[in-house]
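Below is upload30.cif, holding mmCIF, C-alpha atoms.
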```cif
data_start
loop_
_atom_site.group_PDB
_atom_site.id
_atom_site.type_symbol
_atom_site.label_atom_id
_atom_site.label_comp_id
_atom_site.auth_asym_id
_atom_site.auth_seq_id
_atom_site.Cartn_x
_atom_site.Cartn_y
_atom_site.Cartn_z
ATOM 1 C CA MET V 1058 1.418 43.985 -25.198
ATOM 2 C CA LEU V 1059 1.315 43.428 -21.471
ATOM 3 C CA GLU V 1060 1.132 46.289 -19.066
ATOM 4 C CA LYS V 1061 3.841 46.380 -16.380
ATOM 5 C CA GLY V 1062 1.419 45.209 -13.650
ATOM 6 C CA GLU V 1063 0.102 42.324 -15.783
ATOM 7 C CA HIS V 1064 3.644 41.049 -16.347
ATOM 8 C CA ILE V 1065 4.287 40.944 -12.585
ATOM 9 C CA VAL V 1066 0.990 39.133 -11.926
ATOM 10 C CA ARG V 1067 1.766 36.536 -14.598
ATOM 11 C CA LYS V 1068 5.313 36.075 -13.293
ATOM 12 C CA TRP V 1069 4.127 35.529 -9.717
ATOM 13 C CA GLY V 1070 1.255 33.350 -10.945
ATOM 14 C CA TRP V 1071 3.677 30.981 -12.657
ATOM 15 C CA MET V 1072 6.014 30.997 -9.678
ATOM 16 C CA GLY V 1073 3.115 30.204 -7.370
ATOM 17 C CA MET V 1074 2.044 27.286 -9.561
ATOM 18 C CA VAL V 1075 5.606 25.917 -9.617
ATOM 19 C CA LEU V 1076 5.848 26.237 -5.820
ATOM 20 C CA ALA V 1077 2.471 24.532 -5.331
ATOM 21 C CA LEU V 1078 3.494 21.698 -7.657
ATOM 22 C CA ALA V 1079 6.783 21.254 -5.763
ATOM 23 C CA LEU V 1080 4.876 21.028 -2.477
ATOM 24 C CA VAL V 1081 2.464 18.458 -3.878
ATOM 25 C CA LEU V 1082 5.189 16.321 -5.442
ATOM 26 C CA GLY V 1083 7.603 16.691 -2.551
ATOM 27 C CA GLY V 1084 5.027 16.150 0.148
ATOM 28 C CA CYS V 1085 4.588 18.305 3.199
ATOM 29 C CA GLY V 1086 6.693 17.317 6.144
ATOM 30 C CA PRO V 1087 8.840 14.301 6.860
ATOM 31 C CA LYS V 1088 8.118 10.998 5.160
ATOM 32 C CA ALA V 1089 6.885 8.143 7.370
ATOM 33 C CA ASP V 1090 9.056 5.042 7.807
ATOM 34 C CA ILE V 1091 6.348 2.844 6.277
ATOM 35 C CA SER V 1092 3.107 3.580 4.449
ATOM 36 C CA VAL V 1093 -0.146 1.755 3.789
ATOM 37 C CA PHE V 1094 -1.872 2.379 0.456
ATOM 38 C CA MET V 1095 -5.591 1.659 0.146
ATOM 39 C CA MET V 1096 -7.758 1.441 -2.956
ATOM 40 C CA SER V 1097 -11.177 -0.137 -3.032
ATOM 41 C CA THR V 1098 -13.926 -0.429 -5.606
ATOM 42 C CA THR V 1099 -15.846 2.146 -3.571
ATOM 43 C CA THR V 1100 -14.367 5.145 -1.795
ATOM 44 C CA VAL V 1101 -12.259 5.040 1.360
ATOM 45 C CA PRO V 1102 -13.171 8.055 3.500
ATOM 46 C CA SER V 1103 -10.269 10.091 4.866
ATOM 47 C CA GLU V 1104 -11.695 9.523 8.362
ATOM 48 C CA LEU V 1105 -10.917 5.798 7.966
ATOM 49 C CA THR V 1106 -7.361 6.363 6.786
ATOM 50 C CA GLU V 1107 -6.737 8.793 9.645
ATOM 51 C CA ALA V 1108 -8.279 6.373 12.171
ATOM 52 C CA LEU V 1109 -6.098 3.517 10.885
ATOM 53 C CA LYS V 1110 -2.993 5.708 11.024
ATOM 54 C CA THR V 1111 -3.822 6.737 14.604
ATOM 55 C CA GLU V 1112 -4.487 3.150 15.747
ATOM 56 C CA LEU V 1113 -1.308 1.808 14.162
ATOM 57 C CA SER V 1114 0.791 4.684 15.547
ATOM 58 C CA GLN V 1115 -0.533 4.038 19.067
ATOM 59 C CA LYS V 1116 0.198 0.315 18.785
ATOM 60 C CA LEU V 1117 3.720 0.995 17.473
ATOM 61 C CA GLU V 1118 4.515 3.102 20.553
ATOM 62 C CA GLY V 1119 7.106 5.185 18.692
ATOM 63 C CA ARG V 1120 9.176 2.285 17.290
ATOM 64 C CA PHE V 1121 8.721 3.731 13.784
ATOM 65 C CA THR V 1122 6.282 5.984 11.964
ATOM 66 C CA VAL V 1123 3.438 4.944 9.687
ATOM 67 C CA ASP V 1124 1.262 6.790 7.216
ATOM 68 C CA VAL V 1125 -1.986 5.623 5.616
ATOM 69 C CA PHE V 1126 -3.415 7.051 2.422
ATOM 70 C CA ALA V 1127 -6.086 6.041 -0.056
ATOM 71 C CA SER V 1128 -7.014 6.729 -3.626
ATOM 72 C CA PRO V 1129 -10.295 8.672 -3.640
ATOM 73 C CA MET V 1130 -11.674 6.290 -6.269
ATOM 74 C CA TYR V 1131 -10.707 3.079 -8.003
ATOM 75 C CA ASN V 1132 -8.231 3.751 -10.811
ATOM 76 C CA LEU V 1133 -6.266 0.921 -12.415
ATOM 77 C CA GLN V 1134 -3.559 3.239 -13.753
ATOM 78 C CA LYS V 1135 -2.999 4.691 -10.262
ATOM 79 C CA LEU V 1136 -2.763 1.148 -8.900
ATOM 80 C CA PHE V 1137 -0.115 0.234 -11.492
ATOM 81 C CA VAL V 1138 1.892 3.324 -10.534
ATOM 82 C CA GLU V 1139 1.737 2.392 -6.835
ATOM 83 C CA TYR V 1140 3.018 -1.112 -7.631
ATOM 84 C CA ALA V 1141 5.685 0.030 -10.087
ATOM 85 C CA ALA V 1142 7.001 3.155 -8.397
ATOM 86 C CA GLY V 1143 5.425 3.433 -4.945
ATOM 87 C CA ASP V 1144 7.395 2.820 -1.775
ATOM 88 C CA ASN V 1145 4.488 1.414 0.201
ATOM 89 C CA GLY V 1146 4.849 -1.212 2.895
ATOM 90 C CA LEU V 1147 1.339 -2.597 2.430
ATOM 91 C CA HIS V 1148 -1.430 -2.448 -0.138
ATOM 92 C CA VAL V 1149 -5.109 -2.876 0.713
ATOM 93 C CA VAL V 1150 -6.695 -3.567 -2.678
ATOM 94 C CA PRO V 1151 -9.431 -5.642 -4.343
ATOM 95 C CA GLU V 1152 -8.982 -9.413 -4.670
ATOM 96 C CA GLU V 1153 -8.799 -9.419 -8.470
ATOM 97 C CA ASP V 1154 -5.911 -6.935 -8.387
ATOM 98 C CA VAL V 1155 -4.052 -8.850 -5.670
ATOM 99 C CA LYS V 1156 -4.280 -12.055 -7.681
ATOM 100 C CA SER V 1157 -3.259 -10.332 -10.916
ATOM 101 C CA MET V 1158 -0.263 -8.602 -9.323
ATOM 102 C CA SER V 1159 0.784 -11.800 -7.530
ATOM 103 C CA LYS V 1160 0.935 -13.621 -10.875
ATOM 104 C CA GLN V 1161 3.361 -10.923 -12.019
ATOM 105 C CA GLY V 1162 5.613 -11.241 -8.961
ATOM 106 C CA GLY V 1163 4.157 -8.218 -7.170
ATOM 107 C CA HIS V 1164 3.935 -9.579 -3.597
ATOM 108 C CA ILE V 1165 6.059 -11.057 -0.843
ATOM 109 C CA PRO V 1166 4.885 -14.583 0.149
ATOM 110 C CA LEU V 1167 3.532 -14.535 3.715
ATOM 111 C CA ASP V 1168 3.698 -18.289 4.516
ATOM 112 C CA ASP V 1169 6.538 -17.842 7.031
ATOM 113 C CA TYR V 1170 4.576 -15.246 9.025
ATOM 114 C CA PHE V 1171 0.876 -16.201 8.901
ATOM 115 C CA ASP V 1172 -1.235 -19.381 8.931
ATOM 116 C CA LYS V 1173 -2.294 -20.184 5.356
ATOM 117 C CA ASP V 1174 -5.147 -22.348 6.662
ATOM 118 C CA LYS V 1175 -6.604 -19.403 8.587
ATOM 119 C CA TYR V 1176 -6.387 -17.156 5.531
ATOM 120 C CA GLU V 1177 -7.023 -19.687 2.764
ATOM 121 C CA GLU V 1178 -8.624 -17.009 0.546
ATOM 122 C CA GLY V 1179 -5.182 -15.411 0.176
ATOM 123 C CA TYR V 1180 -3.477 -18.681 -0.797
ATOM 124 C CA PHE V 1181 -3.161 -18.844 -4.584
ATOM 125 C CA ASP V 1182 -0.732 -19.007 -7.507
ATOM 126 C CA GLY V 1183 1.797 -16.281 -7.996
ATOM 127 C CA MET V 1184 5.242 -15.647 -9.371
ATOM 128 C CA VAL V 1185 8.288 -15.960 -7.160
ATOM 129 C CA LEU V 1186 11.673 -14.569 -8.111
ATOM 130 C CA GLU V 1187 14.553 -16.731 -6.970
ATOM 131 C CA LYS V 1188 18.045 -15.244 -6.944
ATOM 132 C CA ALA V 1189 20.350 -17.164 -9.272
ATOM 133 C CA GLN V 1190 24.008 -16.874 -10.165
ATOM 134 C CA LYS V 1191 23.129 -14.453 -12.951
ATOM 135 C CA GLY V 1192 19.965 -12.507 -12.206
ATOM 136 C CA TYR V 1193 16.717 -14.159 -11.149
ATOM 137 C CA ILE V 1194 14.694 -17.234 -12.035
ATOM 138 C CA GLU V 1195 10.919 -16.761 -12.230
ATOM 139 C CA HIS V 1196 8.509 -19.553 -11.391
ATOM 140 C CA GLN V 1197 4.850 -19.851 -10.421
ATOM 141 C CA GLU V 1198 4.162 -21.207 -6.938
ATOM 142 C CA LYS V 1199 1.199 -21.358 -4.581
ATOM 143 C CA HIS V 1200 1.740 -19.215 -1.494
ATOM 144 C CA LEU V 1201 -0.134 -17.098 0.984
ATOM 145 C CA TYR V 1202 0.220 -13.751 -0.789
ATOM 146 C CA ALA V 1203 -2.478 -11.731 0.983
ATOM 147 C CA LEU V 1204 -4.780 -11.642 4.000
ATOM 148 C CA PRO V 1205 -8.483 -10.900 3.516
ATOM 149 C CA ALA V 1206 -9.241 -7.523 5.112
ATOM 150 C CA GLU V 1207 -12.563 -8.776 6.470
ATOM 151 C CA LYS V 1208 -10.642 -11.248 8.700
ATOM 152 C CA LEU V 1209 -8.401 -8.578 10.238
ATOM 153 C CA PRO V 1210 -9.874 -7.332 13.540
ATOM 154 C CA LEU V 1211 -8.298 -3.867 13.463
ATOM 155 C CA LEU V 1212 -9.718 -3.102 10.023
ATOM 156 C CA ASN V 1213 -13.144 -4.405 11.069
ATOM 157 C CA LYS V 1214 -13.077 -2.296 14.238
ATOM 158 C CA LEU V 1215 -12.519 0.805 12.116
ATOM 159 C CA GLY V 1216 -15.306 -0.044 9.670
ATOM 160 C CA ILE V 1217 -13.148 -1.251 6.786
ATOM 161 C CA THR V 1218 -15.346 -4.235 6.003
ATOM 162 C CA GLU V 1219 -15.749 -4.220 2.224
ATOM 163 C CA LYS V 1220 -15.839 -7.811 0.989
ATOM 164 C CA GLY V 1221 -13.102 -8.728 -1.443
ATOM 165 C CA LEU V 1222 -10.397 -6.402 -0.093
ATOM 166 C CA PHE V 1223 -7.024 -7.996 0.601
ATOM 167 C CA VAL V 1224 -3.898 -6.783 2.375
ATOM 168 C CA ALA V 1225 -0.601 -7.688 0.709
ATOM 169 C CA ILE V 1226 3.033 -6.662 0.985
ATOM 170 C CA PRO V 1227 4.386 -5.416 -2.345
ATOM 171 C CA VAL V 1228 7.853 -6.566 -3.398
ATOM 172 C CA ARG V 1229 8.929 -2.903 -3.475
ATOM 173 C CA THR V 1230 8.329 -2.487 0.255
ATOM 174 C CA PRO V 1231 11.116 -0.441 1.786
ATOM 175 C CA ASP V 1232 11.229 -2.773 4.817
ATOM 176 C CA VAL V 1233 9.756 -6.304 4.873
ATOM 177 C CA GLU V 1234 10.001 -6.667 8.661
ATOM 178 C CA ARG V 1235 8.171 -3.406 9.343
ATOM 179 C CA SER V 1236 5.508 -4.355 6.805
ATOM 180 C CA ILE V 1237 5.040 -7.691 8.610
ATOM 181 C CA GLN V 1238 4.787 -5.863 11.949
ATOM 182 C CA ILE V 1239 2.027 -3.606 10.585
ATOM 183 C CA LEU V 1240 0.138 -6.603 9.186
ATOM 184 C CA LYS V 1241 0.444 -8.413 12.536
ATOM 185 C CA LEU V 1242 -0.958 -5.311 14.295
ATOM 186 C CA MET V 1243 -3.963 -5.443 11.946
ATOM 187 C CA GLU V 1244 -4.424 -9.090 12.970
ATOM 188 C CA GLU V 1245 -4.462 -8.379 16.730
ATOM 189 C CA THR V 1246 -7.817 -8.646 18.472
ATOM 190 C CA ARG V 1247 -7.155 -6.154 21.267
#
```

Just give me the structure as structure tokens.
Amino acid sequence: MLEKGEHIVRKWGWMGMVLALALVLGGCGPKADISVFMMSTTTVPSELTEALKTELSQKLEGRFTVDVFASPMYNLQKLFVEYAAGDNGLHVVPEEDVKSMSKQGGHIPLDDYFDKDKYEEGYFDGMVLEKAQKGYIEHQEKHLYALPAEKLPLLNKLGITEKGLFVAIPVRTPDVERSIQILKLMEETR
């Protein structure tokens, strides 16, 4: 049988765990307008994500807010969750994953915004969903689905130079235009 003091400690212990879980799941503070998710085959130090967030925020000059976060290690299940349920504006992930997700209709084609000849590594087959009278029609098409991170000056400046990383816009982006703006800022040389 529990003593009176033990019961109170257990009660507050459970309440504390519930509160901590709510904070973790709910986030701390306001949500950014757009977010960048990074996952590489190595680790992405928090200093790099913070530096990228700072650089992008300065370049945006208050037009909208951006957040950058990374998975501490490569985890395919985490990546699937980010594609299926995440509200990210951009993904910075390994080439194999970009190609795999593109074949499943996971990315916005970038042909209208970027030069496919300049970023030929990101030009490959993928699935496109075309709105039809009833639902969507799926078909495979070659498009520019991603930009190689090593060709983006802002990422290079910050030390994000791992070969085989690509930046793509997931179809679940909350705002295509803002995602394009962030990608164009990564492409700027100044």

Item to check | Test item: residues at most 8 Å from V:Ser1159, all atoms listed in the file, excluding those fewer than 6 positions along its chain, as a list in words | outcome: Asp1182, Gly1183, Met1184 and Tyr1202 of chain V

Could the residues in this selection be saved with C-alpha atoms as a PDB file, in the frame of the given file?
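The result, stored in out.pdb:
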```pdb
ATOM      1  CA  ASP V1182      -0.732 -19.007  -7.507  1.00  0.00           C
ATOM      2  CA  GLY V1183       1.797 -16.281  -7.996  1.00  0.00           C
ATOM      3  CA  MET V1184       5.242 -15.647  -9.371  1.00  0.00           C
ATOM      4  CA  TYR V1202       0.220 -13.751  -0.789  1.00  0.00           C
TER       5      TYR V1202
END
```

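The environment of V:Phe1094 within 6 Å, counting all atoms listed in the file and disregarding residues fewer than 6 places along the same chain, consists of Phe1126, Ala1127 and His1148 of chain V.
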
Would you save the residues from that selection as a PDB file, in the frame of the given file, using C-alpha atoms?
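Result file is part.pdb:
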```pdb
ATOM      1  CA  PHE V1126      -3.415   7.051   2.422  1.00  0.00           C
ATOM      2  CA  ALA V1127      -6.086   6.041  -0.056  1.00  0.00           C
ATOM      3  CA  HIS V1148      -1.430  -2.448  -0.138  1.00  0.00           C
TER       4      HIS V1148
END
```

Checklist entry - Which of these, V:Val1149, V:Gln1115, V:Asp1124, V:Tyr1193, has the shortest distance to V:Glu1219 once you count only C-alpha atoms? => result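 Among V:Val1149, V:Gln1115, V:Asp1124, V:Tyr1193, it is V:Val1149 that comes nearest to V:Glu1219.
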
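Counting all atoms listed in the file and comparing V:Gly1146, V:Pro1151, V:Gly1221, V:Gly1119, the residue that lies closest to V:Arg1235 is V:Gly1146.
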
Next on the checklist: Going by the chain IDs and residue numbers used in this file, which residues fall under the PyMOL selection byres ((chain V and resi 1174-1181) around 7)? Write them as an MDAnalysis selection string.
Outcome noted: chainID V and resid 1172:1173 1182:1183 1199:1205

Item to check | For atom CA of V:Ala1206 and atom CA of V:Val1185, the interatomic separation in Å (one decimal) | outcome: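 So the two atoms, atom CA of V:Ala1206 and atom CA of V:Val1185, lie 23.0 Å apart.
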
As JSON, please: the centre and edge lengths in Å, to one decimal, of an axis-aligned box enclosing every listed atom of stretch 1113-1124 of chain V with 5 Å added on each side.
```
{"center_x": 3.9, "center_y": 3.6, "center_z": 13.9, "size_x": 20.5, "size_y": 16.5, "size_z": 23.3}
```
